[in-house]
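Below is final_23.cif, holding mmCIF, C-alpha atoms.
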```cif
data_run
#
loop_
_atom_site.label_atom_id
_atom_site.label_comp_id
_atom_site.auth_asym_id
_atom_site.auth_seq_id
_atom_site.Cartn_x
_atom_site.Cartn_y
_atom_site.Cartn_z
CA MET Q 1 3.31 72.32 -18.12
CA ASN Q 2 0.97 69.75 -19.65
CA ILE Q 3 3.77 68.55 -21.96
CA GLN Q 4 6.14 68.03 -18.99
CA ARG Q 5 3.52 66.07 -17.07
CA TYR Q 6 2.84 63.90 -20.12
CA ASP Q 7 6.56 63.17 -20.59
CA ALA Q 8 6.98 62.27 -16.93
CA MET Q 9 3.99 59.93 -17.05
CA LYS Q 10 5.30 58.36 -20.24
CA ASN Q 11 8.69 57.73 -18.60
CA ARG Q 12 7.05 56.07 -15.58
CA ILE Q 13 4.91 53.84 -17.84
CA SER Q 14 8.00 52.82 -19.86
CA ALA Q 15 9.86 51.92 -16.67
CA LEU Q 16 6.90 49.90 -15.41
CA VAL Q 17 6.58 47.99 -18.73
CA MET Q 18 10.31 47.19 -18.64
CA ALA Q 19 10.09 45.94 -15.06
CA LEU Q 20 7.10 43.74 -15.85
CA SER Q 21 8.88 42.35 -18.93
CA MET Q 22 11.92 41.43 -16.84
CA LEU Q 23 9.71 39.77 -14.21
CA LEU Q 24 7.80 37.75 -16.80
CA ALA Q 25 11.04 36.70 -18.48
CA SER Q 26 12.50 35.48 -15.20
CA ALA Q 27 9.27 33.67 -14.35
CA CYS Q 28 9.25 31.86 -17.71
CA THR Q 29 12.88 30.91 -17.24
CA ALA Q 30 12.10 29.45 -13.83
CA ILE Q 31 9.19 27.41 -15.19
CA ASP Q 32 11.29 26.11 -18.08
CA ASP Q 33 14.27 25.24 -15.89
CA GLU Q 34 12.46 23.44 -13.07
CA PRO Q 35 8.79 22.40 -13.20
CA PRO Q 36 7.14 23.14 -9.85
CA TYR Q 37 5.10 19.91 -9.89
CA THR Q 38 5.59 16.25 -10.69
CA VAL Q 39 2.76 13.97 -11.82
CA ILE Q 40 2.25 11.01 -9.51
CA SER Q 41 -1.04 9.42 -10.55
CA LYS Q 42 -3.31 10.30 -13.44
CA GLY Q 43 -3.20 14.05 -12.99
CA THR Q 44 -2.77 14.07 -9.21
CA THR Q 45 0.15 16.42 -8.63
CA VAL Q 46 2.49 16.85 -5.71
CA PRO Q 47 4.70 19.93 -5.21
CA VAL Q 48 8.43 19.41 -5.63
CA PRO Q 49 10.09 21.25 -2.72
CA SER Q 50 12.98 23.56 -3.52
CA ALA Q 51 16.31 23.20 -1.77
CA SER Q 52 15.47 26.05 0.58
CA SER Q 53 11.96 24.84 1.43
CA ALA Q 54 13.17 21.31 2.06
CA THR Q 55 15.10 22.49 5.07
CA SER Q 56 12.46 24.89 6.33
CA ASP Q 57 10.64 24.12 9.56
CA ASP Q 58 7.47 25.28 7.85
CA ALA Q 59 7.75 22.72 5.00
CA PRO Q 60 4.58 20.58 4.83
CA GLU Q 61 4.86 16.87 5.62
CA GLU Q 62 4.74 14.59 2.59
CA LYS Q 63 1.36 12.93 2.19
CA LEU Q 64 0.71 9.41 1.02
CA ILE Q 65 -0.46 9.31 -2.60
CA ILE Q 66 -2.34 6.08 -3.37
CA PRO Q 67 -2.88 5.39 -7.09
CA ASP Q 68 -6.36 4.78 -8.42
CA ASN Q 69 -7.80 1.24 -8.33
CA MET Q 70 -5.80 0.07 -5.30
CA GLU Q 71 -8.94 -0.70 -3.32
CA THR Q 72 -10.93 -3.89 -3.87
CA ARG Q 73 -13.98 -3.70 -1.64
CA TYR Q 74 -16.49 -6.49 -1.25
CA PHE Q 75 -17.08 -7.60 2.33
CA SER Q 76 -16.92 -4.07 3.76
CA LEU Q 77 -19.68 -2.93 1.40
CA SER Q 78 -22.19 -4.85 3.51
CA TYR Q 79 -21.06 -3.34 6.82
CA ASN Q 80 -23.52 -1.50 9.02
CA VAL Q 81 -22.84 2.15 9.83
CA ARG Q 82 -20.87 1.44 13.02
CA MET Q 83 -18.53 -1.07 11.38
CA GLN Q 84 -18.14 1.18 8.35
CA ASN Q 85 -17.07 4.03 10.62
CA VAL Q 86 -14.45 1.80 12.25
CA TYR Q 87 -13.24 0.63 8.82
CA ASP Q 88 -12.89 4.24 7.62
CA SER Q 89 -11.09 5.20 10.83
CA VAL Q 90 -8.54 2.39 10.43
CA VAL Q 91 -7.93 3.27 6.77
CA ASP Q 92 -7.49 6.94 7.67
CA THR Q 93 -5.05 6.07 10.47
CA ILE Q 94 -2.86 3.93 8.23
CA THR Q 95 -3.01 6.38 5.32
CA ASN Q 96 -1.69 9.10 7.65
CA PHE Q 97 1.00 6.82 9.11
CA SER Q 98 -0.38 7.36 12.60
CA ASP Q 99 0.94 5.09 15.36
CA ASN Q 100 -2.40 4.36 16.96
CA ALA Q 101 -6.12 4.87 16.78
CA LEU Q 102 -8.68 5.05 19.57
CA LEU Q 103 -11.89 3.34 18.59
CA PRO Q 104 -15.05 3.72 20.67
CA LEU Q 105 -16.97 0.75 22.00
CA THR Q 106 -19.51 0.58 19.19
CA ILE Q 107 -18.84 -2.96 17.94
CA SER Q 108 -17.53 -6.16 19.53
CA ARG Q 109 -13.87 -7.10 19.82
CA GLN Q 110 -14.51 -9.89 17.29
CA SER Q 111 -15.90 -7.34 14.84
CA TYR Q 112 -12.83 -5.14 15.31
CA THR Q 113 -10.67 -8.12 14.36
CA GLN Q 114 -12.88 -8.71 11.32
CA VAL Q 115 -12.48 -5.08 10.24
CA LEU Q 116 -8.69 -5.22 10.57
CA GLU Q 117 -8.52 -8.38 8.45
CA THR Q 118 -10.83 -6.88 5.82
CA VAL Q 119 -8.76 -3.70 5.59
CA HIS Q 120 -5.65 -5.86 5.17
CA CYS Q 121 -7.20 -7.66 2.19
CA GLU Q 122 -9.16 -4.89 0.51
CA GLN Q 123 -6.59 -2.07 0.69
CA LEU Q 124 -4.02 -3.26 -1.84
CA ALA Q 125 -1.58 -0.39 -1.19
CA PHE Q 126 -1.03 -1.06 2.52
CA PHE Q 127 2.06 -3.25 2.08
CA PHE Q 128 4.05 -0.74 4.14
CA LEU Q 129 2.19 -1.69 7.31
CA ASP Q 130 4.48 -3.81 9.50
CA THR Q 131 2.23 -4.80 12.41
CA ARG Q 132 -1.22 -3.99 13.70
CA THR Q 133 -2.20 -4.83 17.27
CA LEU Q 134 -5.59 -4.59 18.89
CA GLY Q 135 -5.06 -3.56 22.49
CA GLU Q 136 -7.26 -4.05 25.53
CA PHE Q 137 -10.43 -2.10 26.11
CA ASN Q 138 -9.90 1.06 28.14
CA SER Q 139 -12.92 1.19 30.44
CA ALA Q 140 -12.19 4.74 31.57
CA ALA Q 141 -12.02 6.14 28.05
CA GLN Q 142 -14.51 3.58 26.67
CA THR Q 143 -12.23 2.88 23.70
CA PHE Q 144 -10.12 0.17 22.12
CA GLU Q 145 -6.59 1.16 21.13
CA ILE Q 146 -5.10 -0.16 17.88
CA ASN Q 147 -1.33 0.22 17.49
CA PHE Q 148 0.42 0.33 14.12
CA ARG Q 149 4.05 0.06 13.00
CA TYR Q 150 5.33 0.83 9.50
CA LYS Q 151 8.15 -0.62 7.39
CA TYR Q 152 8.92 2.39 5.20
CA SER Q 153 8.70 6.17 5.16
CA VAL Q 154 5.97 8.04 3.30
CA GLU Q 155 8.53 9.19 0.73
CA GLU Q 156 9.67 5.61 0.09
CA VAL Q 157 6.11 4.32 -0.21
CA ASN Q 158 5.09 7.05 -2.65
CA ARG Q 159 8.03 6.15 -4.89
CA MET Q 160 7.19 2.44 -4.71
CA LEU Q 161 3.50 3.02 -5.43
CA ALA Q 162 4.32 5.24 -8.42
CA GLU Q 163 6.57 2.50 -9.87
CA THR Q 164 3.86 -0.08 -9.24
CA GLU Q 165 1.20 1.96 -11.00
CA GLN Q 166 3.42 2.61 -14.01
CA LYS Q 167 4.14 -1.12 -14.43
CA ALA Q 168 0.47 -2.07 -13.98
CA LEU Q 169 -0.61 0.45 -16.61
CA GLU Q 170 1.96 -0.95 -19.04
CA ILE Q 171 0.49 -4.43 -18.56
CA THR Q 172 -3.16 -3.41 -18.82
CA GLU Q 173 -2.37 -1.30 -21.90
CA GLN Q 174 -1.68 -4.57 -23.72
CA THR Q 175 -5.36 -5.49 -23.29
CA ARG Q 176 -6.75 -2.19 -24.50
CA ASP Q 177 -8.12 -3.69 -27.72
CA PHE Q 178 -9.42 -6.88 -26.10
CA VAL Q 179 -13.19 -7.18 -26.45
CA SER Q 180 -14.04 -9.55 -23.59
CA ASP Q 181 -13.27 -9.46 -19.88
CA TYR Q 182 -12.45 -13.16 -20.18
CA ASP Q 183 -9.53 -12.40 -22.52
CA LYS Q 184 -8.29 -9.61 -20.25
CA ALA Q 185 -8.43 -11.80 -17.15
CA LYS Q 186 -6.64 -14.62 -18.99
CA TYR Q 187 -3.90 -12.22 -20.12
CA PHE Q 188 -3.33 -11.06 -16.52
CA HIS Q 189 -3.36 -14.67 -15.28
CA ASP Q 190 -0.87 -15.81 -17.94
CA TYR Q 191 1.39 -12.79 -17.45
CA LEU Q 192 1.72 -13.37 -13.72
CA VAL Q 193 2.35 -17.10 -14.14
CA THR Q 194 5.11 -16.55 -16.72
CA HIS Q 195 6.71 -13.35 -15.41
CA VAL Q 196 6.60 -13.76 -11.62
CA GLU Q 197 8.57 -16.31 -9.62
CA SER Q 198 7.13 -18.02 -6.56
CA ALA Q 199 9.34 -17.04 -3.63
CA GLU Q 200 9.17 -17.53 0.12
CA ASP Q 201 12.30 -15.61 1.12
CA TYR Q 202 11.43 -12.23 -0.40
CA GLU Q 203 10.27 -9.54 2.02
CA LEU Q 204 7.79 -7.97 -0.42
CA ALA Q 205 6.40 -11.20 -1.87
CA ASP Q 206 2.99 -10.47 -0.33
CA SER Q 207 2.63 -7.09 -2.07
CA VAL Q 208 1.69 -5.70 -5.47
CA TYR Q 209 5.01 -3.85 -5.54
CA GLY Q 210 7.04 -7.00 -4.90
CA THR Q 211 5.09 -8.92 -7.52
CA LEU Q 212 5.27 -6.37 -10.35
CA ILE Q 213 8.59 -4.67 -9.62
CA GLY Q 214 10.48 -7.40 -7.77
CA GLY Q 215 9.08 -10.21 -9.92
CA LYS Q 216 8.54 -12.47 -6.90
CA ALA Q 217 5.36 -13.38 -5.06
CA LEU Q 218 3.57 -15.55 -2.57
CA CYS Q 219 -0.15 -16.29 -2.82
CA GLU Q 220 -1.07 -12.89 -1.33
CA GLY Q 221 1.15 -11.05 -3.81
CA TYR Q 222 -0.34 -12.92 -6.77
CA ALA Q 223 -3.90 -12.37 -5.54
CA LYS Q 224 -3.56 -8.66 -4.80
CA THR Q 225 -1.75 -7.99 -8.07
CA PHE Q 226 -4.34 -9.84 -10.13
CA SER Q 227 -7.03 -7.87 -8.31
CA TYR Q 228 -5.28 -4.57 -9.04
CA LEU Q 229 -4.96 -5.36 -12.75
CA CYS Q 230 -8.62 -6.37 -12.90
CA ASN Q 231 -9.59 -3.14 -11.15
CA ILE Q 232 -7.77 -1.08 -13.78
CA ALA Q 233 -9.46 -3.09 -16.53
CA GLY Q 234 -12.89 -2.64 -14.93
CA ILE Q 235 -13.41 -6.32 -14.08
CA GLU Q 236 -15.38 -6.94 -10.89
CA ASN Q 237 -13.38 -9.08 -8.47
CA MET Q 238 -12.66 -9.77 -4.83
CA LEU Q 239 -10.09 -11.50 -2.61
CA VAL Q 240 -10.76 -14.71 -0.70
CA THR Q 241 -8.85 -16.22 2.20
CA GLY Q 242 -8.77 -19.80 3.37
CA TYR Q 243 -6.61 -22.72 4.33
CA THR Q 244 -4.71 -25.53 2.63
CA ASP Q 245 -2.04 -26.85 4.95
CA ILE Q 246 -1.24 -23.15 5.56
CA ASP Q 247 -3.12 -19.85 5.28
CA HIS Q 248 -3.94 -19.00 1.68
CA MET Q 249 -5.35 -16.18 -0.46
CA TRP Q 250 -6.75 -16.18 -4.00
CA ASN Q 251 -9.29 -14.34 -6.17
CA MET Q 252 -12.86 -14.49 -7.33
CA VAL Q 253 -13.90 -12.81 -10.59
CA LYS Q 254 -17.37 -11.94 -11.83
CA LEU Q 255 -17.95 -12.50 -15.56
CA ASP Q 256 -21.33 -12.24 -17.26
CA GLY Q 257 -23.02 -12.04 -13.86
CA LYS Q 258 -21.42 -15.23 -12.42
CA TRP Q 259 -18.56 -15.65 -9.95
CA TYR Q 260 -15.49 -17.85 -10.54
CA HIS Q 261 -12.33 -18.69 -8.60
CA VAL Q 262 -8.83 -17.82 -9.86
CA ASP Q 263 -5.64 -18.97 -8.13
CA ILE Q 264 -2.52 -17.66 -9.87
CA GLY Q 265 0.01 -19.23 -7.51
CA TRP Q 266 -1.46 -22.70 -7.88
CA ASP Q 267 -1.40 -22.45 -11.68
CA GLN Q 268 2.40 -22.25 -11.57
CA PRO Q 269 3.98 -25.47 -12.91
CA ALA Q 270 6.28 -27.40 -10.59
CA ALA Q 271 9.90 -26.20 -10.64
CA ALA Q 272 11.16 -29.22 -12.60
CA ILE Q 273 8.56 -28.60 -15.35
CA LYS Q 274 9.04 -24.84 -15.41
CA ASN Q 275 12.80 -25.18 -15.82
CA SER Q 276 12.21 -27.08 -19.07
CA TYR Q 277 9.16 -25.11 -20.20
CA PRO Q 278 9.37 -21.59 -18.70
CA ASP Q 279 6.38 -20.35 -20.72
CA MET Q 280 4.03 -23.13 -19.62
CA VAL Q 281 0.77 -21.96 -18.03
CA LEU Q 282 -1.58 -24.28 -16.19
CA TYR Q 283 -5.32 -23.58 -16.01
CA ARG Q 284 -6.78 -25.83 -13.36
CA TYR Q 285 -7.56 -22.84 -11.15
CA PHE Q 286 -8.46 -20.29 -13.82
CA LEU Q 287 -12.16 -19.43 -13.61
CA THR Q 288 -13.14 -22.58 -11.79
CA ASP Q 289 -16.07 -23.40 -9.50
CA ASP Q 290 -16.59 -24.11 -5.80
CA ASP Q 291 -16.50 -27.89 -6.30
CA THR Q 292 -12.98 -27.74 -7.73
CA ILE Q 293 -11.62 -25.21 -5.27
CA LEU Q 294 -12.99 -27.08 -2.24
CA GLN Q 295 -11.09 -30.23 -3.23
CA THR Q 296 -7.86 -28.63 -2.08
CA ARG Q 297 -8.78 -25.98 0.49
CA THR Q 298 -11.23 -24.61 3.01
CA ILE Q 299 -12.75 -21.18 2.41
CA SER Q 300 -12.60 -18.86 5.42
CA ASN Q 301 -15.60 -16.80 6.49
CA SER Q 302 -13.56 -14.57 8.82
CA MET Q 303 -14.31 -11.48 6.70
CA GLY Q 304 -17.77 -12.64 5.63
CA VAL Q 305 -19.32 -15.23 3.34
CA PRO Q 306 -18.01 -15.03 -0.26
CA PRO Q 307 -20.41 -15.46 -3.19
CA LYS Q 308 -21.17 -18.88 -4.64
CA ALA Q 309 -19.24 -20.01 -7.70
CA GLU Q 310 -21.45 -22.68 -9.22
CA SER Q 311 -20.98 -22.13 -12.95
CA ARG Q 312 -18.39 -23.63 -15.32
CA ASP Q 313 -19.47 -21.55 -18.31
CA MET Q 314 -16.25 -19.52 -18.31
CA ASN Q 315 -13.99 -22.35 -17.16
CA TYR Q 316 -10.87 -22.49 -19.34
CA PHE Q 317 -11.42 -26.09 -20.48
CA VAL Q 318 -15.14 -25.62 -21.14
CA LYS Q 319 -14.74 -22.34 -23.01
CA HIS Q 320 -12.00 -23.68 -25.28
CA GLY Q 321 -13.65 -27.04 -25.96
CA LEU Q 322 -10.99 -29.02 -24.09
CA THR Q 323 -13.31 -31.23 -22.03
CA ALA Q 324 -14.01 -34.78 -23.28
CA ASP Q 325 -16.84 -37.13 -22.23
CA THR Q 326 -15.66 -40.12 -24.30
CA TYR Q 327 -12.33 -41.48 -25.51
CA GLU Q 328 -13.29 -40.64 -29.09
CA GLU Q 329 -13.87 -37.02 -28.09
CA ALA Q 330 -10.54 -37.02 -26.27
CA LEU Q 331 -8.74 -38.17 -29.43
CA GLU Q 332 -10.44 -35.46 -31.50
CA ILE Q 333 -9.48 -32.78 -28.95
CA ILE Q 334 -5.89 -34.00 -28.79
CA GLU Q 335 -5.55 -33.95 -32.59
CA LYS Q 336 -7.11 -30.49 -32.88
CA SER Q 337 -4.96 -29.13 -30.04
CA CYS Q 338 -1.82 -30.60 -31.60
CA ARG Q 339 -2.58 -28.84 -34.88
CA LEU Q 340 -3.16 -25.52 -33.13
CA ALA Q 341 0.04 -25.92 -31.10
CA MET Q 342 2.08 -26.71 -34.20
CA ASP Q 343 0.62 -23.73 -36.07
CA SER Q 344 1.26 -21.32 -33.19
CA GLY Q 345 4.63 -22.72 -32.19
CA GLU Q 346 3.39 -23.73 -28.74
CA ALA Q 347 5.01 -26.72 -27.09
CA TYR Q 348 2.15 -27.88 -24.88
CA PHE Q 349 -1.61 -27.98 -24.28
CA SER Q 350 -4.01 -29.46 -21.72
CA ILE Q 351 -7.28 -31.40 -21.86
CA GLU Q 352 -9.80 -32.34 -19.18
CA LEU Q 353 -11.51 -35.75 -18.95
CA SER Q 354 -15.00 -35.88 -17.49
CA ASP Q 355 -14.53 -38.76 -15.02
CA ASP Q 356 -11.87 -40.98 -13.46
CA GLU Q 357 -12.64 -43.99 -15.63
CA LEU Q 358 -12.27 -41.99 -18.85
CA TYR Q 359 -9.03 -40.54 -17.50
CA ARG Q 360 -7.55 -44.02 -16.99
CA GLN Q 361 -8.90 -45.24 -20.33
CA THR Q 362 -7.37 -42.31 -22.20
CA ILE Q 363 -3.92 -42.87 -20.72
CA GLU Q 364 -4.02 -46.60 -21.45
CA GLU Q 365 -5.44 -46.51 -24.97
CA LEU Q 366 -3.27 -43.63 -26.21
CA MET Q 367 -0.16 -45.70 -25.61
CA GLU Q 368 -1.51 -49.22 -26.26
CA LYS Q 369 -0.09 -50.76 -29.44
CA ASP Q 370 -2.24 -52.77 -31.84
CA ALA Q 371 -1.31 -55.98 -33.65
CA ASP Q 372 0.93 -53.96 -35.97
CA GLY Q 373 2.74 -52.35 -33.06
CA VAL Q 374 1.17 -48.91 -33.65
CA SER Q 375 -0.49 -46.84 -30.90
CA ASP Q 376 -3.06 -44.06 -31.21
CA ILE Q 377 -0.32 -41.54 -30.44
CA ASP Q 378 1.78 -43.00 -33.28
CA ARG Q 379 -1.14 -42.72 -35.69
CA LEU Q 380 -1.77 -39.16 -34.59
CA MET Q 381 1.86 -38.17 -35.20
CA ASN Q 382 1.75 -39.75 -38.66
CA THR Q 383 -1.50 -37.97 -39.52
CA LEU Q 384 0.00 -34.62 -38.49
CA ASN Q 385 3.36 -35.41 -40.08
CA PHE Q 386 4.90 -34.43 -36.78
CA ARG Q 387 8.62 -35.15 -36.51
CA GLY Q 388 9.22 -35.36 -32.82
CA ASN Q 389 7.75 -36.82 -29.67
CA ILE Q 390 4.37 -36.29 -28.01
CA SER Q 391 4.26 -37.10 -24.32
CA TYR Q 392 1.94 -36.29 -21.44
CA ILE Q 393 2.24 -35.28 -17.77
CA ASP Q 394 -0.38 -36.45 -15.28
CA TYR Q 395 0.38 -33.46 -13.05
CA TYR Q 396 -3.30 -32.90 -12.25
CA ALA Q 397 -4.47 -36.50 -12.06
CA ASP Q 398 -6.77 -35.68 -9.14
CA THR Q 399 -8.82 -33.41 -11.40
CA ARG Q 400 -8.45 -35.53 -14.58
CA ILE Q 401 -6.32 -33.04 -16.51
CA LEU Q 402 -3.60 -34.22 -18.88
CA ILE Q 403 -0.81 -31.91 -20.07
CA PHE Q 404 0.67 -32.82 -23.46
CA ILE Q 405 4.20 -31.87 -24.52
CA LEU Q 406 5.24 -31.51 -28.16
CA ASP Q 407 9.01 -32.01 -28.38
CA THR Q 408 10.63 -31.46 -31.77
CA GLY Q 409 14.08 -32.23 -30.41
CA ALA Q 410 15.33 -28.86 -31.63
#
```
As structure tokens - that is how I would like this structure written.
Amino acid sequence: MNIQRYDAMKNRISALVMALSMLLASACTAIDDEPPYTVISKGTTVPVPSASSATSDDAPEEKLIIPDNMETRYFSLSYNVRMQNVYDSVVDTITNFSDNALLPLTISRQSYTQVLETVHCEQLAFFFLDTRTLGEFNSAAQTFEINFRYKYSVEEVNRMLAETEQKALEITEQTRDFVSDYDKAKYFHDYLVTHVESAEDYELADSVYGTLIGGKALCEGYAKTFSYLCNIAGIENMLVTGYTDIDHMWNMVKLDGKWYHVDIGWDQPAAAIKNSYPDMVLYRYFLTDDDTILQTRTISNSMGVPPKAESRDMNYFVKHGLTADTYEEALEIIEKSCRLAMDSGEAYFSIELSDDELYRQTIEELMEKDADGVSDIDRLMNTLNFRGNISYIDYYADTRILIFILDTGA
């Protein structure tokens, strides 16, 4: 009797072990054949629906997945509690693709407009928002209504954001071994100038996606993309709006405790120059000060008052010793820059003259021939044993910057 019971128990255990083995085998096969998750952003995972669940009425709605570093907050950090609550409510509404939000009468209509503009600038991922409209105040409900329309579906936006993040990480990876934030910021500036085309007829030119994936941008696209890259690299920055002859957007960057302006779009060479020298980068608006930026635009205070940029310590021309106070200094800088350009294979460089009189003197005396018919440029070419032509472009005459071109005729 005891032997029979033991044999029966042993048979049941064997059957159970076999069943479990088959179940584990099928589970491993399923995991190997089709991973149940896909990585979207640095370990954030989103379930991949099966064919059956995709058609199920119980399938969860796809949620917006915003990559890290796509928020550049500055003005909103100084908001009081009531404005911060409105800001958070607007962000939450857009993130959830809701059509409208009801906001209580806690701040003025002007402040609501300020919040909407700040969200537009600080939330770099919200390119999918088509329109936002602040409605009238509903006295019965004591609320303002804000209506939103969207250009793309959540699924489309998630795909676009994932592509954008991947490209941005590829770019910032190139700066991994850079020691200074200055070098990182310059790399991002130069990359965007040389790899992105200025375009007015591209629907996504005002977005990070359009800039990095489409390769085309307007001022807003340049500014938001530069901000995103700086965010990934850990460089403090913000976005600024203002006016030239049209609305404009650019960046401010904080290096060594001081703020500077950066305008990628306005450091693009003119089309005629870029066609001949596609790798040329201009630096008038790279890490410049308020005095320079205010020569060509008005800064808007619609979101708040931006920080002062009074230093030139990190200015491109100052940092690289390309600013001359005398004609003799200008000649020394030109010779040194020519040598560096020849050694590196570059075809151009820029120098800055300290005042208008020196600017005019430099242009005149470089080309003026002496009694033997030899100019300072001729002597420089002979000293360097340069077989070609050296010319200059007074593209930035208003700010006393000369761009020199080394043409070997090759």
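The nearest approach to Asp99 (chain Q) among the residues Q:Ser375, Q:Thr296, Q:Thr131, Q:Ser76, with only C-alpha atoms taken into account, belongs to Q:Thr131.
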Skipping near chain neighbours, those fewer than 5 positions away, what residues fall within 10 Å of Asn147 (chain Q) using all atoms listed in the file, listed as a VMD selection string?
chain Q and resid 93 98 to 102 131 to 135
Would you save the residues of that selection, restricted to C-alpha atoms, as a short mmCIF file (atom, residue, chain, number, x, y, z; two decimals), keeping the file's coordinate frame?
```cif
data_model
loop_
_atom_site.label_atom_id
_atom_site.label_comp_id
_atom_site.auth_asym_id
_atom_site.auth_seq_id
_atom_site.Cartn_x
_atom_site.Cartn_y
_atom_site.Cartn_z
CA THR Q 93 -5.05 6.07 10.47
CA SER Q 98 -0.38 7.36 12.60
CA ASP Q 99 0.94 5.09 15.36
CA ASN Q 100 -2.40 4.36 16.96
CA ALA Q 101 -6.12 4.87 16.78
CA LEU Q 102 -8.68 5.05 19.57
CA THR Q 131 2.23 -4.80 12.41
CA ARG Q 132 -1.22 -3.99 13.70
CA THR Q 133 -2.20 -4.83 17.27
CA LEU Q 134 -5.59 -4.59 18.89
CA GLY Q 135 -5.06 -3.56 22.49
#
```
Applied to this file, what does the PyMOL selection byres ((chain Q and resi 326) around 9) return in terms of residues, put as a PyMOL selection string?
chain Q and resi 324-325+327-331+353-354+358+362
Long-range neighbours of Asn96 (chain Q) as a ChimeraX atom specification, 12 Å cut-off, all atoms listed in the file, 6 positions minimum in chain
/Q:61-66,89-90,126,128-129,148-150,153-154
Hits from the PyMOL selection byres ((chain Q and resi 72) around 12), listed as a PyMOL selection string
chain Q and resi 68-71+73-77+118-125+223-232+234-240+251-253
Convert the current residue selection to file output with C-alpha atoms, as a PDB file, in the coordinates of the input.
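Result went into selection-v4.pdb, see below:
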```
ATOM      1  CA  ASP Q  68      -6.360   4.780  -8.420  1.00  0.00           C
ATOM      2  CA  ASN Q  69      -7.800   1.240  -8.330  1.00  0.00           C
ATOM      3  CA  MET Q  70      -5.800   0.070  -5.300  1.00  0.00           C
ATOM      4  CA  GLU Q  71      -8.940  -0.700  -3.320  1.00  0.00           C
ATOM      5  CA  ARG Q  73     -13.980  -3.700  -1.640  1.00  0.00           C
ATOM      6  CA  TYR Q  74     -16.490  -6.490  -1.250  1.00  0.00           C
ATOM      7  CA  PHE Q  75     -17.080  -7.600   2.330  1.00  0.00           C
ATOM      8  CA  SER Q  76     -16.920  -4.070   3.760  1.00  0.00           C
ATOM      9  CA  LEU Q  77     -19.680  -2.930   1.400  1.00  0.00           C
ATOM     10  CA  THR Q 118     -10.830  -6.880   5.820  1.00  0.00           C
ATOM     11  CA  VAL Q 119      -8.760  -3.700   5.590  1.00  0.00           C
ATOM     12  CA  HIS Q 120      -5.650  -5.860   5.170  1.00  0.00           C
ATOM     13  CA  CYS Q 121      -7.200  -7.660   2.190  1.00  0.00           C
ATOM     14  CA  GLU Q 122      -9.160  -4.890   0.510  1.00  0.00           C
ATOM     15  CA  GLN Q 123      -6.590  -2.070   0.690  1.00  0.00           C
ATOM     16  CA  LEU Q 124      -4.020  -3.260  -1.840  1.00  0.00           C
ATOM     17  CA  ALA Q 125      -1.580  -0.390  -1.190  1.00  0.00           C
ATOM     18  CA  ALA Q 223      -3.900 -12.370  -5.540  1.00  0.00           C
ATOM     19  CA  LYS Q 224      -3.560  -8.660  -4.800  1.00  0.00           C
ATOM     20  CA  THR Q 225      -1.750  -7.990  -8.070  1.00  0.00           C
ATOM     21  CA  PHE Q 226      -4.340  -9.840 -10.130  1.00  0.00           C
ATOM     22  CA  SER Q 227      -7.030  -7.870  -8.310  1.00  0.00           C
ATOM     23  CA  TYR Q 228      -5.280  -4.570  -9.040  1.00  0.00           C
ATOM     24  CA  LEU Q 229      -4.960  -5.360 -12.750  1.00  0.00           C
ATOM     25  CA  CYS Q 230      -8.620  -6.370 -12.900  1.00  0.00           C
ATOM     26  CA  ASN Q 231      -9.590  -3.140 -11.150  1.00  0.00           C
ATOM     27  CA  ILE Q 232      -7.770  -1.080 -13.780  1.00  0.00           C
ATOM     28  CA  GLY Q 234     -12.890  -2.640 -14.930  1.00  0.00           C
ATOM     29  CA  ILE Q 235     -13.410  -6.320 -14.080  1.00  0.00           C
ATOM     30  CA  GLU Q 236     -15.380  -6.940 -10.890  1.00  0.00           C
ATOM     31  CA  ASN Q 237     -13.380  -9.080  -8.470  1.00  0.00           C
ATOM     32  CA  MET Q 238     -12.660  -9.770  -4.830  1.00  0.00           C
ATOM     33  CA  LEU Q 239     -10.090 -11.500  -2.610  1.00  0.00           C
ATOM     34  CA  VAL Q 240     -10.760 -14.710  -0.700  1.00  0.00           C
ATOM     35  CA  ASN Q 251      -9.290 -14.340  -6.170  1.00  0.00           C
ATOM     36  CA  MET Q 252     -12.860 -14.490  -7.330  1.00  0.00           C
ATOM     37  CA  VAL Q 253     -13.900 -12.810 -10.590  1.00  0.00           C
TER      38      VAL Q 253
END
```
For Gly321 (chain Q): contacts at 10 Å, only C-alpha atoms, fewer than 4 positions along chain excluded, given as an NGL selection string:
:Q and (315-317 or 333 or 337 or 351-352)
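For the pair CA of Leu384 (chain Q) and CA of Arg339 (chain Q), the separation is 7.3 Å.
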For this structure, which residues satisfy the selection - the PyMOL selection byres ((chain Q and resi 346) around 12) - when it is evaluated on the file as given? I want them as a tab-separated table (two decimals) with C-alpha atoms, keeping the file's coordinate frame.
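In the end it all went to result-v4.tsv:
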```tsv
chain	number	residue	atom	x	y	z
Q	277	TYR	CA	9.16	-25.11	-20.20
Q	278	PRO	CA	9.37	-21.59	-18.70
Q	279	ASP	CA	6.38	-20.35	-20.72
Q	280	MET	CA	4.03	-23.13	-19.62
Q	281	VAL	CA	0.77	-21.96	-18.03
Q	337	SER	CA	-4.96	-29.13	-30.04
Q	338	CYS	CA	-1.82	-30.60	-31.60
Q	339	ARG	CA	-2.58	-28.84	-34.88
Q	340	LEU	CA	-3.16	-25.52	-33.13
Q	341	ALA	CA	0.04	-25.92	-31.10
Q	342	MET	CA	2.08	-26.71	-34.20
Q	343	ASP	CA	0.62	-23.73	-36.07
Q	344	SER	CA	1.26	-21.32	-33.19
Q	345	GLY	CA	4.63	-22.72	-32.19
Q	347	ALA	CA	5.01	-26.72	-27.09
Q	348	TYR	CA	2.15	-27.88	-24.88
Q	349	PHE	CA	-1.61	-27.98	-24.28
Q	350	SER	CA	-4.01	-29.46	-21.72
Q	404	PHE	CA	0.67	-32.82	-23.46
Q	405	ILE	CA	4.20	-31.87	-24.52
Q	406	LEU	CA	5.24	-31.51	-28.16
Q	407	ASP	CA	9.01	-32.01	-28.38
Q	408	THR	CA	10.63	-31.46	-31.77
```
